[in-house]
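*Asks:* So here's structure_21.pdb (PDB, C-alpha atoms).
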```pdb
ATOM      1  CA  THR R  57     -13.003  29.469  -4.111
ATOM      2  CA  SER R  58      -9.593  30.202  -5.622
ATOM      3  CA  LEU R  59     -10.192  27.612  -8.362
ATOM      4  CA  THR R  60     -13.503  29.223  -9.270
ATOM      5  CA  GLY R  61     -11.894  32.642  -9.452
ATOM      6  CA  ARG R  62      -9.137  31.318 -11.687
ATOM      7  CA  LEU R  63     -11.667  29.755 -14.054
ATOM      8  CA  GLN R  64     -13.652  32.998 -14.296
ATOM      9  CA  THR R  65     -10.435  34.965 -14.993
ATOM     10  CA  ALA R  66      -9.433  32.494 -17.718
ATOM     11  CA  ALA R  67     -12.884  32.773 -19.334
ATOM     12  CA  LEU R  68     -12.712  36.567 -19.372
ATOM     13  CA  PHE R  69      -9.201  36.475 -20.827
ATOM     14  CA  PHE R  70     -10.358  34.076 -23.557
ATOM     15  CA  ASP R  71     -13.326  36.305 -24.427
ATOM     16  CA  SER R  72     -11.177  39.423 -24.595
ATOM     17  CA  TRP R  73      -8.474  37.659 -26.653
ATOM     18  CA  THR R  74     -10.881  36.159 -29.205
ATOM     19  CA  GLY R  75     -13.115  39.210 -29.290
ATOM     20  CA  LEU R  76     -16.258  37.106 -28.815
ATOM     21  CA  GLY R  77     -17.955  37.834 -25.546
ATOM     22  CA  VAL R  78     -20.917  35.935 -24.169
ATOM     23  CA  ALA R  79     -23.247  38.846 -24.864
ATOM     24  CA  SER R  80     -22.100  39.169 -28.467
ATOM     25  CA  ALA R  81     -22.467  35.431 -28.992
ATOM     26  CA  MET R  82     -26.031  35.521 -27.635
ATOM     27  CA  LYS R  83     -26.873  38.434 -29.918
ATOM     28  CA  ARG R  84     -25.750  36.514 -32.979
ATOM     29  CA  VAL R  85     -27.919  33.452 -32.109
ATOM     30  CA  GLN R  86     -31.292  34.369 -33.581
ATOM     31  CA  PHE R  87     -34.181  32.230 -34.715
ATOM     32  CA  GLY R  88     -35.936  33.176 -37.910
ATOM     33  CA  HIS R  89     -39.684  33.798 -37.957
ATOM     34  CA  SER R  90     -41.420  31.141 -39.989
ATOM     35  CA  PRO R  91     -45.004  31.483 -41.297
ATOM     36  CA  VAL R  92     -45.610  27.751 -40.846
ATOM     37  CA  PRO R  93     -47.031  28.001 -37.279
ATOM     38  CA  TYR R  94     -49.478  30.668 -38.381
ATOM     39  CA  PHE R  95     -50.531  28.450 -41.269
ATOM     40  CA  PHE R  96     -51.451  25.620 -38.897
ATOM     41  CA  VAL R  97     -53.220  27.914 -36.426
ATOM     42  CA  ALA R  98     -55.221  29.755 -39.106
ATOM     43  CA  PRO R  99     -57.957  27.085 -39.586
ATOM     44  CA  GLN R 100     -58.763  27.015 -35.884
ATOM     45  CA  ILE R 101     -58.816  30.810 -35.714
ATOM     46  CA  LEU R 102     -61.189  30.922 -38.693
ATOM     47  CA  ILE R 103     -63.498  28.350 -37.080
ATOM     48  CA  ILE R 104     -63.629  30.321 -33.831
ATOM     49  CA  ALA R 105     -64.209  33.587 -35.675
ATOM     50  CA  ILE R 106     -66.935  32.232 -37.965
ATOM     51  CA  PHE R 107     -68.844  29.977 -35.594
ATOM     52  CA  PHE R 108     -68.286  31.733 -32.229
ATOM     53  CA  LEU R 109     -67.156  35.348 -32.427
ATOM     54  CA  TRP R 110     -69.285  36.434 -35.367
ATOM     55  CA  PRO R 111     -72.545  34.878 -34.044
ATOM     56  CA  ALA R 112     -71.867  36.364 -30.603
ATOM     57  CA  ALA R 113     -71.335  39.827 -32.094
ATOM     58  CA  GLN R 114     -74.457  39.400 -34.231
ATOM     59  CA  ALA R 115     -76.492  38.429 -31.154
ATOM     60  CA  VAL R 116     -75.296  41.500 -29.276
ATOM     61  CA  TYR R 117     -76.217  43.699 -32.239
ATOM     62  CA  GLN R 118     -79.675  42.141 -32.702
ATOM     63  CA  SER R 119     -80.434  42.463 -28.991
ATOM     64  CA  PHE R 120     -80.811  46.219 -29.558
ATOM     65  CA  LEU R 121     -83.168  45.786 -32.520
ATOM     66  CA  LEU R 122     -86.902  45.251 -32.776
ATOM     67  CA  GLU R 123     -87.668  43.241 -35.913
ATOM     68  CA  ASP R 124     -90.918  42.183 -37.502
ATOM     69  CA  ALA R 125     -91.907  38.544 -37.783
ATOM     70  CA  PHE R 126     -90.663  38.305 -41.384
ATOM     71  CA  GLY R 127     -87.327  40.054 -40.800
ATOM     72  CA  MET R 128     -88.062  42.692 -43.432
ATOM     73  CA  SER R 129     -87.626  45.739 -41.208
ATOM     74  CA  SER R 130     -85.928  46.542 -37.921
ATOM     75  CA  GLN R 131     -85.830  49.407 -35.456
ATOM     76  CA  PHE R 132     -83.126  50.344 -32.982
ATOM     77  CA  VAL R 133     -84.777  50.291 -29.527
ATOM     78  CA  TRP R 134     -81.734  50.411 -27.232
ATOM     79  CA  PHE R 135     -82.397  48.366 -24.048
ATOM     80  CA  ARG R 136     -86.092  47.742 -24.574
ATOM     81  CA  ASN R 137     -85.569  44.023 -25.298
ATOM     82  CA  PHE R 138     -83.583  43.588 -22.092
ATOM     83  CA  GLU R 139     -86.284  45.358 -20.092
ATOM     84  CA  ASP R 140     -88.971  43.132 -21.578
ATOM     85  CA  VAL R 141     -86.949  40.006 -20.853
ATOM     86  CA  LEU R 142     -86.171  40.899 -17.240
ATOM     87  CA  SER R 143     -89.785  41.853 -16.559
ATOM     88  CA  SER R 144     -91.124  38.637 -18.129
ATOM     89  CA  SER R 145     -92.407  36.061 -15.653
ATOM     90  CA  SER R 146     -91.720  33.217 -18.078
ATOM     91  CA  TRP R 147     -88.026  34.197 -18.350
ATOM     92  CA  LEU R 148     -87.667  34.434 -14.572
ATOM     93  CA  LYS R 149     -89.325  31.035 -14.285
ATOM     94  CA  SER R 150     -86.856  29.560 -16.773
ATOM     95  CA  ALA R 151     -83.937  31.242 -14.972
ATOM     96  CA  ILE R 152     -84.948  29.732 -11.632
ATOM     97  CA  PHE R 153     -85.435  26.298 -13.167
ATOM     98  CA  THR R 154     -82.059  26.541 -14.927
ATOM     99  CA  ALA R 155     -80.279  27.407 -11.674
ATOM    100  CA  VAL R 156     -81.906  24.577  -9.704
ATOM    101  CA  PHE R 157     -81.573  22.115 -12.570
ATOM    102  CA  SER R 158     -77.877  22.903 -13.120
ATOM    103  CA  PHE R 159     -77.050  22.560  -9.422
ATOM    104  CA  LEU R 160     -78.867  19.227  -9.125
ATOM    105  CA  VAL R 161     -77.315  17.792 -12.276
ATOM    106  CA  ALA R 162     -73.795  18.843 -11.274
ATOM    107  CA  PHE R 163     -74.071  17.702  -7.642
ATOM    108  CA  ILE R 164     -75.842  14.385  -8.236
ATOM    109  CA  SER R 165     -73.746  13.341 -11.231
ATOM    110  CA  ILE R 166     -70.479  14.165  -9.446
ATOM    111  CA  ALA R 167     -71.575  12.323  -6.291
ATOM    112  CA  ILE R 168     -72.684   9.182  -8.150
ATOM    113  CA  SER R 169     -69.632   9.080 -10.400
ATOM    114  CA  LEU R 170     -67.285   9.562  -7.436
ATOM    115  CA  PHE R 171     -68.939   6.648  -5.627
ATOM    116  CA  LEU R 172     -68.703   4.438  -8.721
ATOM    117  CA  ALA R 173     -65.087   5.420  -9.343
ATOM    118  CA  VAL R 174     -64.083   4.545  -5.758
ATOM    119  CA  ARG R 175     -65.820   1.184  -6.050
ATOM    120  CA  ALA R 176     -64.346   0.495  -9.484
ATOM    121  CA  ASP R 177     -60.855   1.303  -8.233
ATOM    122  CA  GLU R 178     -61.226  -1.470  -5.647
ATOM    123  CA  VAL R 179     -62.313  -4.112  -8.172
ATOM    124  CA  ILE R 180     -59.641  -6.723  -8.903
ATOM    125  CA  ARG R 181     -61.369  -9.378 -11.001
ATOM    126  CA  GLY R 182     -63.082  -8.233 -14.173
ATOM    127  CA  ALA R 183     -61.969  -4.636 -13.658
ATOM    128  CA  LYS R 184     -61.680  -3.837 -17.373
ATOM    129  CA  SER R 185     -65.169  -5.126 -18.175
ATOM    130  CA  TYR R 186     -66.681  -3.292 -15.217
ATOM    131  CA  LYS R 187     -65.038   0.006 -16.144
ATOM    132  CA  THR R 188     -65.962  -0.360 -19.818
ATOM    133  CA  LEU R 189     -69.639  -0.838 -18.982
ATOM    134  CA  LEU R 190     -69.640   2.337 -16.894
ATOM    135  CA  MET R 191     -67.987   4.308 -19.711
ATOM    136  CA  TRP R 192     -70.434   3.305 -22.422
ATOM    137  CA  GLY R 193     -72.825   6.127 -21.638
ATOM    138  CA  TYR R 194     -70.195   8.634 -22.782
ATOM    139  CA  ALA R 195     -70.817   7.628 -26.412
ATOM    140  CA  VAL R 196     -74.541   8.441 -26.227
ATOM    141  CA  ALA R 197     -75.492  11.832 -27.667
ATOM    142  CA  PRO R 198     -77.846  14.069 -25.618
ATOM    143  CA  PRO R 199     -80.763  13.753 -28.109
ATOM    144  CA  VAL R 200     -80.403   9.965 -28.035
ATOM    145  CA  ALA R 201     -80.387  10.027 -24.235
ATOM    146  CA  GLY R 202     -83.553  12.145 -24.333
ATOM    147  CA  LEU R 203     -85.164   9.677 -26.727
ATOM    148  CA  LEU R 204     -84.316   6.744 -24.445
ATOM    149  CA  GLY R 205     -85.731   8.583 -21.464
ATOM    150  CA  ASN R 206     -88.866   9.469 -23.405
ATOM    151  CA  MET R 207     -89.386   5.800 -24.235
ATOM    152  CA  LEU R 208     -88.816   4.671 -20.633
ATOM    153  CA  PHE R 209     -91.336   7.207 -19.303
ATOM    154  CA  ASN R 210     -93.874   6.816 -22.098
ATOM    155  CA  PRO R 211     -97.396   6.454 -20.570
ATOM    156  CA  LEU R 212     -98.256   3.642 -23.013
ATOM    157  CA  MET R 213     -95.153   1.424 -22.941
ATOM    158  CA  GLY R 214     -92.640   3.014 -20.562
ATOM    159  CA  ASP R 215     -91.232   0.577 -18.016
ATOM    160  CA  LEU R 216     -90.199   3.292 -15.546
ATOM    161  CA  TYR R 217     -93.592   4.961 -15.936
ATOM    162  CA  LYS R 218     -95.332   1.709 -15.009
ATOM    163  CA  LEU R 219     -92.855   1.061 -12.183
ATOM    164  CA  PHE R 220     -93.459   4.413 -10.495
ATOM    165  CA  ASN R 221     -97.212   4.154 -10.844
ATOM    166  CA  SER R 222     -97.178   0.633  -9.418
ATOM    167  CA  PHE R 223     -95.961   2.135  -6.131
ATOM    168  CA  GLY R 224     -98.890   4.582  -6.097
ATOM    169  CA  PHE R 225     -97.013   7.753  -7.086
ATOM    170  CA  GLU R 226     -99.473   8.733  -9.862
ATOM    171  CA  PHE R 227     -96.479   9.651 -11.998
ATOM    172  CA  ASN R 228     -97.268  11.738 -15.091
ATOM    173  CA  HIS R 229     -94.501  13.909 -16.500
ATOM    174  CA  ILE R 230     -96.744  15.173 -19.292
ATOM    175  CA  GLN R 231     -99.067  17.065 -16.936
ATOM    176  CA  ASN R 232     -97.104  17.374 -13.695
ATOM    177  CA  ALA R 233     -94.251  19.918 -13.678
ATOM    178  CA  ASN R 234     -92.351  18.239 -10.822
ATOM    179  CA  ASP R 235     -92.469  14.865 -12.544
ATOM    180  CA  ALA R 236     -91.251  16.423 -15.790
ATOM    181  CA  ALA R 237     -88.372  18.134 -13.970
ATOM    182  CA  PHE R 238     -87.489  14.792 -12.373
ATOM    183  CA  VAL R 239     -87.404  13.079 -15.775
ATOM    184  CA  VAL R 240     -85.160  15.729 -17.340
ATOM    185  CA  THR R 241     -82.796  15.742 -14.350
ATOM    186  CA  LEU R 242     -82.567  11.962 -14.280
ATOM    187  CA  ILE R 243     -81.710  11.755 -17.980
ATOM    188  CA  ALA R 244     -79.131  14.553 -17.746
ATOM    189  CA  VAL R 245     -77.461  12.959 -14.719
ATOM    190  CA  TRP R 246     -77.327   9.535 -16.381
ATOM    191  CA  LYS R 247     -75.726  11.053 -19.467
ATOM    192  CA  GLN R 248     -73.006  12.855 -17.484
ATOM    193  CA  VAL R 249     -72.103  10.164 -14.938
ATOM    194  CA  SER R 250     -69.861   8.280 -17.354
ATOM    195  CA  VAL R 251     -67.781  11.385 -18.163
ATOM    196  CA  ASN R 252     -67.252  12.200 -14.503
ATOM    197  CA  PHE R 253     -66.465   8.564 -13.782
ATOM    198  CA  ILE R 254     -63.575   8.575 -16.259
ATOM    199  CA  PHE R 255     -61.944  11.644 -14.686
ATOM    200  CA  PHE R 256     -62.441  10.467 -11.102
ATOM    201  CA  LEU R 257     -61.060   7.028 -11.885
ATOM    202  CA  SER R 258     -57.998   8.596 -13.514
ATOM    203  CA  GLY R 259     -57.543  10.824 -10.465
ATOM    204  CA  LEU R 260     -57.784   7.877  -8.082
ATOM    205  CA  GLN R 261     -55.281   5.856 -10.066
ATOM    206  CA  GLY R 262     -52.927   8.838 -10.041
ATOM    207  CA  ILE R 263     -52.699   8.886  -6.228
ATOM    208  CA  PRO R 264     -49.376   7.316  -5.140
ATOM    209  CA  LYS R 265     -49.691   3.936  -3.469
ATOM    210  CA  SER R 266     -47.279   5.045  -0.760
ATOM    211  CA  VAL R 267     -49.762   7.730   0.343
ATOM    212  CA  THR R 268     -52.669   5.283   0.607
ATOM    213  CA  GLU R 269     -50.528   2.713   2.424
ATOM    214  CA  ALA R 270     -49.332   5.306   4.921
ATOM    215  CA  ALA R 271     -52.923   6.463   5.464
ATOM    216  CA  THR R 272     -53.985   2.859   6.063
ATOM    217  CA  LEU R 273     -51.370   2.500   8.779
ATOM    218  CA  ASP R 274     -52.315   5.777  10.465
ATOM    219  CA  CYS R 275     -56.104   5.395  10.319
ATOM    220  CA  LYS R 276     -58.199   2.228  10.367
ATOM    221  CA  SER R 277     -61.455   3.900   9.294
ATOM    222  CA  ALA R 278     -61.852   3.703   5.517
ATOM    223  CA  GLU R 279     -64.434   6.482   5.517
ATOM    224  CA  ARG R 280     -62.180   8.836   7.446
ATOM    225  CA  ARG R 281     -59.235   8.033   5.182
ATOM    226  CA  PHE R 282     -61.316   8.904   2.159
ATOM    227  CA  TRP R 283     -62.471  12.318   3.405
ATOM    228  CA  THR R 284     -59.108  13.334   4.922
ATOM    229  CA  ILE R 285     -56.662  11.895   2.361
ATOM    230  CA  THR R 286     -58.283  10.734  -0.879
ATOM    231  CA  PHE R 287     -60.919  13.401  -1.455
ATOM    232  CA  PRO R 288     -58.553  16.382  -0.821
ATOM    233  CA  LEU R 289     -56.173  14.887  -3.387
ATOM    234  CA  LEU R 290     -59.110  14.778  -5.827
ATOM    235  CA  ALA R 291     -59.933  18.457  -5.242
ATOM    236  CA  PRO R 292     -58.495  19.651  -8.606
ATOM    237  CA  THR R 293     -60.464  16.973 -10.449
ATOM    238  CA  THR R 294     -63.624  17.803  -8.530
ATOM    239  CA  PHE R 295     -63.305  21.518  -9.265
ATOM    240  CA  PHE R 296     -62.716  20.850 -12.953
ATOM    241  CA  LEU R 297     -65.749  18.565 -13.135
ATOM    242  CA  MET R 298     -67.889  21.114 -11.306
ATOM    243  CA  VAL R 299     -67.135  23.717 -13.973
ATOM    244  CA  ILE R 300     -67.677  21.204 -16.779
ATOM    245  CA  ASN R 301     -70.957  19.883 -15.343
ATOM    246  CA  LEU R 302     -72.428  23.334 -14.798
ATOM    247  CA  THR R 303     -71.559  24.275 -18.361
ATOM    248  CA  TYR R 304     -73.076  21.004 -19.550
ATOM    249  CA  ALA R 305     -76.301  21.631 -17.620
ATOM    250  CA  PHE R 306     -76.589  25.165 -18.987
ATOM    251  CA  PHE R 307     -75.977  24.418 -22.659
ATOM    252  CA  GLU R 308     -75.619  20.762 -23.652
ATOM    253  CA  THR R 309     -78.914  19.563 -22.164
ATOM    254  CA  PHE R 310     -80.799  21.292 -24.967
ATOM    255  CA  GLY R 311     -81.109  18.032 -26.922
ATOM    256  CA  ILE R 312     -82.387  16.152 -23.881
ATOM    257  CA  ILE R 313     -85.113  18.700 -23.159
ATOM    258  CA  ASP R 314     -86.121  19.098 -26.787
ATOM    259  CA  VAL R 315     -86.611  15.365 -27.317
ATOM    260  CA  SER R 316     -88.031  14.364 -23.926
ATOM    261  CA  THR R 317     -90.336  17.174 -22.739
ATOM    262  CA  LYS R 318     -89.961  20.116 -25.167
ATOM    263  CA  GLY R 319     -90.096  22.409 -22.138
ATOM    264  CA  SER R 320     -93.558  21.224 -21.110
ATOM    265  CA  PRO R 321     -95.779  21.317 -19.202
ATOM    266  CA  GLY R 322     -96.279  25.040 -19.629
ATOM    267  CA  GLY R 323     -92.573  25.807 -19.983
ATOM    268  CA  ALA R 324     -91.784  24.291 -16.568
ATOM    269  CA  THR R 325     -88.758  22.379 -17.899
ATOM    270  CA  ALA R 326     -87.496  25.012 -20.335
ATOM    271  CA  THR R 327     -83.953  26.098 -19.552
ATOM    272  CA  LEU R 328     -82.641  29.472 -20.682
ATOM    273  CA  VAL R 329     -80.984  27.952 -23.734
ATOM    274  CA  TYR R 330     -84.173  26.188 -24.766
ATOM    275  CA  LYS R 331     -86.194  29.363 -24.219
ATOM    276  CA  VAL R 332     -83.820  31.246 -26.522
ATOM    277  CA  TYR R 333     -84.572  28.648 -29.200
ATOM    278  CA  VAL R 334     -88.338  28.721 -28.618
ATOM    279  CA  ASP R 335     -88.634  32.516 -28.664
ATOM    280  CA  GLY R 336     -86.171  33.042 -31.505
ATOM    281  CA  PHE R 337     -86.839  30.224 -33.970
ATOM    282  CA  LEU R 338     -90.406  29.268 -33.107
ATOM    283  CA  GLY R 339     -91.719  32.624 -31.906
ATOM    284  CA  ALA R 340     -89.790  34.710 -34.480
ATOM    285  CA  ASP R 341     -88.740  37.200 -31.783
ATOM    286  CA  MET R 342     -85.126  37.635 -32.813
ATOM    287  CA  GLY R 343     -84.544  40.765 -30.728
ATOM    288  CA  GLY R 344     -85.882  39.247 -27.517
ATOM    289  CA  SER R 345     -84.104  35.950 -28.199
ATOM    290  CA  SER R 346     -80.808  37.768 -28.775
ATOM    291  CA  ALA R 347     -81.258  39.716 -25.541
ATOM    292  CA  GLN R 348     -81.844  36.444 -23.693
ATOM    293  CA  SER R 349     -78.679  34.940 -25.183
ATOM    294  CA  VAL R 350     -76.647  37.991 -24.144
ATOM    295  CA  LEU R 351     -78.001  37.776 -20.592
ATOM    296  CA  LEU R 352     -77.223  34.070 -20.519
ATOM    297  CA  MET R 353     -73.674  34.749 -21.682
ATOM    298  CA  ILE R 354     -73.239  37.335 -18.924
ATOM    299  CA  MET R 355     -74.635  34.960 -16.284
ATOM    300  CA  VAL R 356     -72.328  32.108 -17.309
ATOM    301  CA  SER R 357     -69.327  34.450 -17.421
ATOM    302  CA  VAL R 358     -70.063  35.776 -13.929
ATOM    303  CA  LEU R 359     -70.540  32.228 -12.632
ATOM    304  CA  THR R 360     -67.238  31.113 -14.153
ATOM    305  CA  VAL R 361     -65.364  34.094 -12.705
ATOM    306  CA  PHE R 362     -66.905  33.397  -9.285
ATOM    307  CA  GLN R 363     -65.803  29.772  -9.454
ATOM    308  CA  PHE R 364     -62.218  30.597 -10.359
ATOM    309  CA  ARG R 365     -61.894  33.586  -8.003
ATOM    310  CA  PHE R 366     -63.416  32.121  -4.835
ATOM    311  CA  ILE R 367     -63.902  28.371  -5.082
ATOM    312  CA  GLU R 368     -60.553  27.587  -6.708
ATOM    313  CA  ARG R 369     -58.757  29.215  -3.772
ATOM    314  CA  LYS R 370     -59.764  26.234  -1.645
ATOM    315  CA  VAL R 371     -58.333  23.801  -4.187
ATOM    316  CA  HIS R 372     -54.772  22.630  -3.519
ATOM    317  CA  TYR R 373     -52.865  21.306  -6.518
TER     318      TYR R 373
END
```
Please, can you express the file's structure as structure tokens?
*Replies:*
Amino acid sequence: TSLTGRLQTAALFFDSWTGLGVASAMKRVQFGHSPVPYFFVAPQILIIAIFFLWPAAQAVYQSFLLEDAFGMSSQFVWFRNFEDVLSSSSWLKSAIFTAVFSFLVAFISIAISLFLAVRADEVIRGAKSYKTLLMWGYAVAPPVAGLLGNMLFNPLMGDLYKLFNSFGFEFNHIQNANDAAFVVTLIAVWKQVSVNFIFFLSGLQGIPKSVTEAATLDCKSAERRFWTITFPLLAPTTFFLMVINLTYAFFETFGIIDVSTKGSPGGATATLVYKVYVDGFLGADMGGSSAQSVLLMIMVSVLTVFQFRFIERKVHY
């Protein structure tokens, strides 16, 4: 204690003798402001402003307008477009299908990819080849996945169409709404499994070997070890993938639906995003389409806030 006091006294004496205190020295150390960081950030800011912020503001503005089919004249109608959308049975039908479709795609794709990741993590021989084959689906674009699914379920040459009908299911996704919903969900799940597999496999390989070895000594049941040790350690990855998969089901499945079913039969497989496209670009109802996009933005924002406010509390990092 005495040595520490002596050192502090010597430091104070040196500062007072030289006239350079610690505070004055810190004041003189300043970093100049360079415009270089702003130069590198500017392109990304411009991209966000042009392709995200400006279209979003334009959609909000057009949601209060009633325009003719040719876009020559418009009338400010306040919330009339929102009232028409919320009272429309077709929009409510698309909203219900979007909710069910998004939940099924997120749950099934996460469950399948988690199972495949656990099995792939246990593979010793040929592990690289096995993992590469499971990751290939990540490179397939959603429209291409929809085209592949459309070919597999084609009534004339589709192998899966013939397989289902050979078991007596009378499968016909062109006329039956449930069959069409099954086709769209199956394609969307297949497309997303590879992405989830990559994250789950990385999470499993990030678990320390000492933890798994200690769990093996304490519990002989592999199933119990997974649900009590492994899966809780994958909780951050699972939560992240849940958010990503719900966003994917809401927005990125547009290409799959447009190529495979085009929302048929009778709009039974039209999600909210696809209905915005149909009403806005095909039906020339820009005001109603903009109101639908604003409602969709509000729904996704509320869902995201709910996930981070309530579900993330149960996630331990």
*Asks:* Residues within 7 Å of segment 234-244 of chain R, please, as a PDB file with C-alpha atoms, in the frame of the given file. Count only C-alpha atoms; anything in the same chain fewer than 5 positions from it doesn't count.
*Replies:*
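Written output follows (result-v5.pdb):
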```pdb
ATOM      1  CA  PHE R 157     -81.573  22.115 -12.570  1.00  0.00           C
ATOM      2  CA  VAL R 161     -77.315  17.792 -12.276  1.00  0.00           C
ATOM      3  CA  ALA R 201     -80.387  10.027 -24.235  1.00  0.00           C
ATOM      4  CA  GLY R 202     -83.553  12.145 -24.333  1.00  0.00           C
ATOM      5  CA  GLY R 205     -85.731   8.583 -21.464  1.00  0.00           C
ATOM      6  CA  PHE R 227     -96.479   9.651 -11.998  1.00  0.00           C
ATOM      7  CA  ASN R 228     -97.268  11.738 -15.091  1.00  0.00           C
ATOM      8  CA  HIS R 229     -94.501  13.909 -16.500  1.00  0.00           C
ATOM      9  CA  THR R 309     -78.914  19.563 -22.164  1.00  0.00           C
ATOM     10  CA  ILE R 313     -85.113  18.700 -23.159  1.00  0.00           C
ATOM     11  CA  THR R 325     -88.758  22.379 -17.899  1.00  0.00           C
TER      12      THR R 325
END
```
*Asks:* Hey, what's within 7 Å of Gly193 of chain R if we count all atoms listed in the file and toss same-chain stuff fewer than 3 positions away? As a PyMOL selection string, please?
*Replies:* chain R and resi 190+196+247+250
*Asks:* The PyMOL selection byres ((chain R and resi 329) around 10) on the file shown: which residues, as a list in words?
*Replies:*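 Output of the PyMOL selection byres ((chain R and resi 329) around 10): Ser150, Ala151, Thr154, Ala305, Phe306, Phe307, Glu308, Thr309, Phe310, Ala326, Thr327, Leu328, Tyr330, Lys331, Val332, Tyr333, Val334, Ser345, Gln348, Ser349 and Leu352 of chain R.
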*Asks:* State, in Å with one decimal place, the distance from atom CA of Ala162 of chain R to atom CA of Asn301 of chain R.
*Replies:*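 Pair atom CA of Ala162 of chain R / atom CA of Asn301 of chain R returns 5.1 Å.
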*Asks:* Figure out the distance between atom CA of Arg365 of chain R and atom CA of Ile285 of chain R, please, to one decimal in Å.
*Replies:*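 Pair atom CA of Ile285 of chain R / atom CA of Arg365 of chain R returns 24.6 Å.
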*Asks:* Write out as a list in words the residues lying within 12 Å of Met298 of chain R, counting all atoms listed in the file and excluding same-chain residues fewer than 5 positions away.
*Replies:* Ser158, Phe159, Leu160, Val161, Ala162, Phe163, Ile164, Ser165, Ile166, Ala167, Gln248, Val251, Asn252, Phe255, Phe256, Ala291, Pro292, Thr293, Thr303, Tyr304, Ala305, Leu359, Thr360, Gln363, Phe364, Ile367 and Glu368 of chain R
*Asks:* The PyMOL selection byres ((chain R and resi 132) around 12) - which residues does that actually catch in the file I just gave you? List them as a PyMOL selection string.
*Replies:* chain R and resi 117-123+129-131+133-137+343
*Asks:* Using all atoms listed in the file, which residue out of R:Phe253, R:Phe337, R:Trp147, R:Phe362 lies closest to Gly323 of chain R?
*Replies:*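 Distance minimum relative to Gly323 of chain R lands on R:Trp147.
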*Asks:* So how many Å separate atom CA of Asn206 of chain R and atom CA of Ser316 of chain R, to one decimal?
*Replies:* 5.0 Å
*Asks:* Which residue is closest to Leu257 of chain R? Choose from R:Met207, R:Leu172, R:Ile312, R:Leu302 and count all atoms listed in the file.
*Replies:*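 Looking only at the distances to Leu257 of chain R, the closest residue turns out to be R:Leu172.
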*Asks:* Please determine, counting only C-alpha atoms, which residue among R:Gln261, R:Ile106, R:Pro321, R:Pro93 has the shortest atom-to-atom distance to Glu178 of chain R.
*Replies:*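 Going through R:Gln261, R:Ile106, R:Pro321, R:Pro93 one by one, the smallest distance to Glu178 of chain R is for R:Gln261.
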*Asks:* Kindly indicate which residue among R:Gly344, R:Val350, R:Ser277, R:Phe225 lies nearest to Pro111 of chain R, using all atoms listed in the file for the distances.
*Replies:*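 Of R:Gly344, R:Val350, R:Ser277, R:Phe225, the one nearest Pro111 of chain R, counting all atoms listed in the file, is R:Val350.
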*Asks:* Looking at only C-alpha atoms, which of R:Tyr94, R:Ser258, R:Val156, R:Asp177 is the one that sits closest to Leu290 of chain R?
*Replies:* R:Ser258
*Asks:* When you write segment 189-200 of chain R out from the block above, keep N, CA and C atoms and present the result as a PDB file, in the first residue's frame, please.
*Replies:*
```
ATOM      1  N   LEU R 189     -23.857 -32.147 -50.912  1.00  0.00           N
ATOM      2  CA  LEU R 189     -25.099 -32.497 -51.587  1.00  0.00           C
ATOM      3  C   LEU R 189     -26.307 -31.832 -50.924  1.00  0.00           C
ATOM      4  N   LEU R 190     -26.274 -31.719 -49.600  1.00  0.00           N
ATOM      5  CA  LEU R 190     -27.383 -31.092 -48.895  1.00  0.00           C
ATOM      6  C   LEU R 190     -27.392 -29.578 -49.072  1.00  0.00           C
ATOM      7  N   MET R 191     -26.241 -29.002 -49.402  1.00  0.00           N
ATOM      8  CA  MET R 191     -26.157 -27.543 -49.567  1.00  0.00           C
ATOM      9  C   MET R 191     -26.457 -27.085 -50.986  1.00  0.00           C
ATOM     10  N   TRP R 192     -26.560 -27.992 -51.922  1.00  0.00           N
ATOM     11  CA  TRP R 192     -26.731 -27.598 -53.310  1.00  0.00           C
ATOM     12  C   TRP R 192     -28.018 -26.812 -53.545  1.00  0.00           C
ATOM     13  N   GLY R 193     -29.057 -27.154 -52.813  1.00  0.00           N
ATOM     14  CA  GLY R 193     -30.327 -26.468 -53.014  1.00  0.00           C
ATOM     15  C   GLY R 193     -30.278 -24.975 -52.735  1.00  0.00           C
ATOM     16  N   TYR R 194     -29.260 -24.537 -51.997  1.00  0.00           N
ATOM     17  CA  TYR R 194     -29.129 -23.105 -51.685  1.00  0.00           C
ATOM     18  C   TYR R 194     -28.891 -22.273 -52.942  1.00  0.00           C
ATOM     19  N   ALA R 195     -28.281 -22.872 -53.960  1.00  0.00           N
ATOM     20  CA  ALA R 195     -27.948 -22.143 -55.185  1.00  0.00           C
ATOM     21  C   ALA R 195     -29.131 -22.025 -56.138  1.00  0.00           C
ATOM     22  N   VAL R 196     -30.233 -22.688 -55.841  1.00  0.00           N
ATOM     23  CA  VAL R 196     -31.397 -22.673 -56.731  1.00  0.00           C
ATOM     24  C   VAL R 196     -32.257 -21.452 -56.408  1.00  0.00           C
ATOM     25  N   ALA R 197     -32.571 -20.658 -57.412  1.00  0.00           N
ATOM     26  CA  ALA R 197     -33.415 -19.485 -57.225  1.00  0.00           C
ATOM     27  C   ALA R 197     -34.867 -19.910 -57.036  1.00  0.00           C
ATOM     28  N   PRO R 198     -35.675 -19.116 -56.320  1.00  0.00           N
ATOM     29  CA  PRO R 198     -37.091 -19.485 -56.115  1.00  0.00           C
ATOM     30  C   PRO R 198     -37.867 -19.730 -57.404  1.00  0.00           C
ATOM     31  N   PRO R 199     -37.724 -18.913 -58.471  1.00  0.00           N
ATOM     32  CA  PRO R 199     -38.461 -19.248 -59.704  1.00  0.00           C
ATOM     33  C   PRO R 199     -38.036 -20.576 -60.306  1.00  0.00           C
ATOM     34  N   VAL R 200     -36.745 -20.908 -60.204  1.00  0.00           N
ATOM     35  CA  VAL R 200     -36.274 -22.192 -60.723  1.00  0.00           C
ATOM     36  C   VAL R 200     -36.845 -23.332 -59.892  1.00  0.00           C
TER      37      VAL R 200
END
```
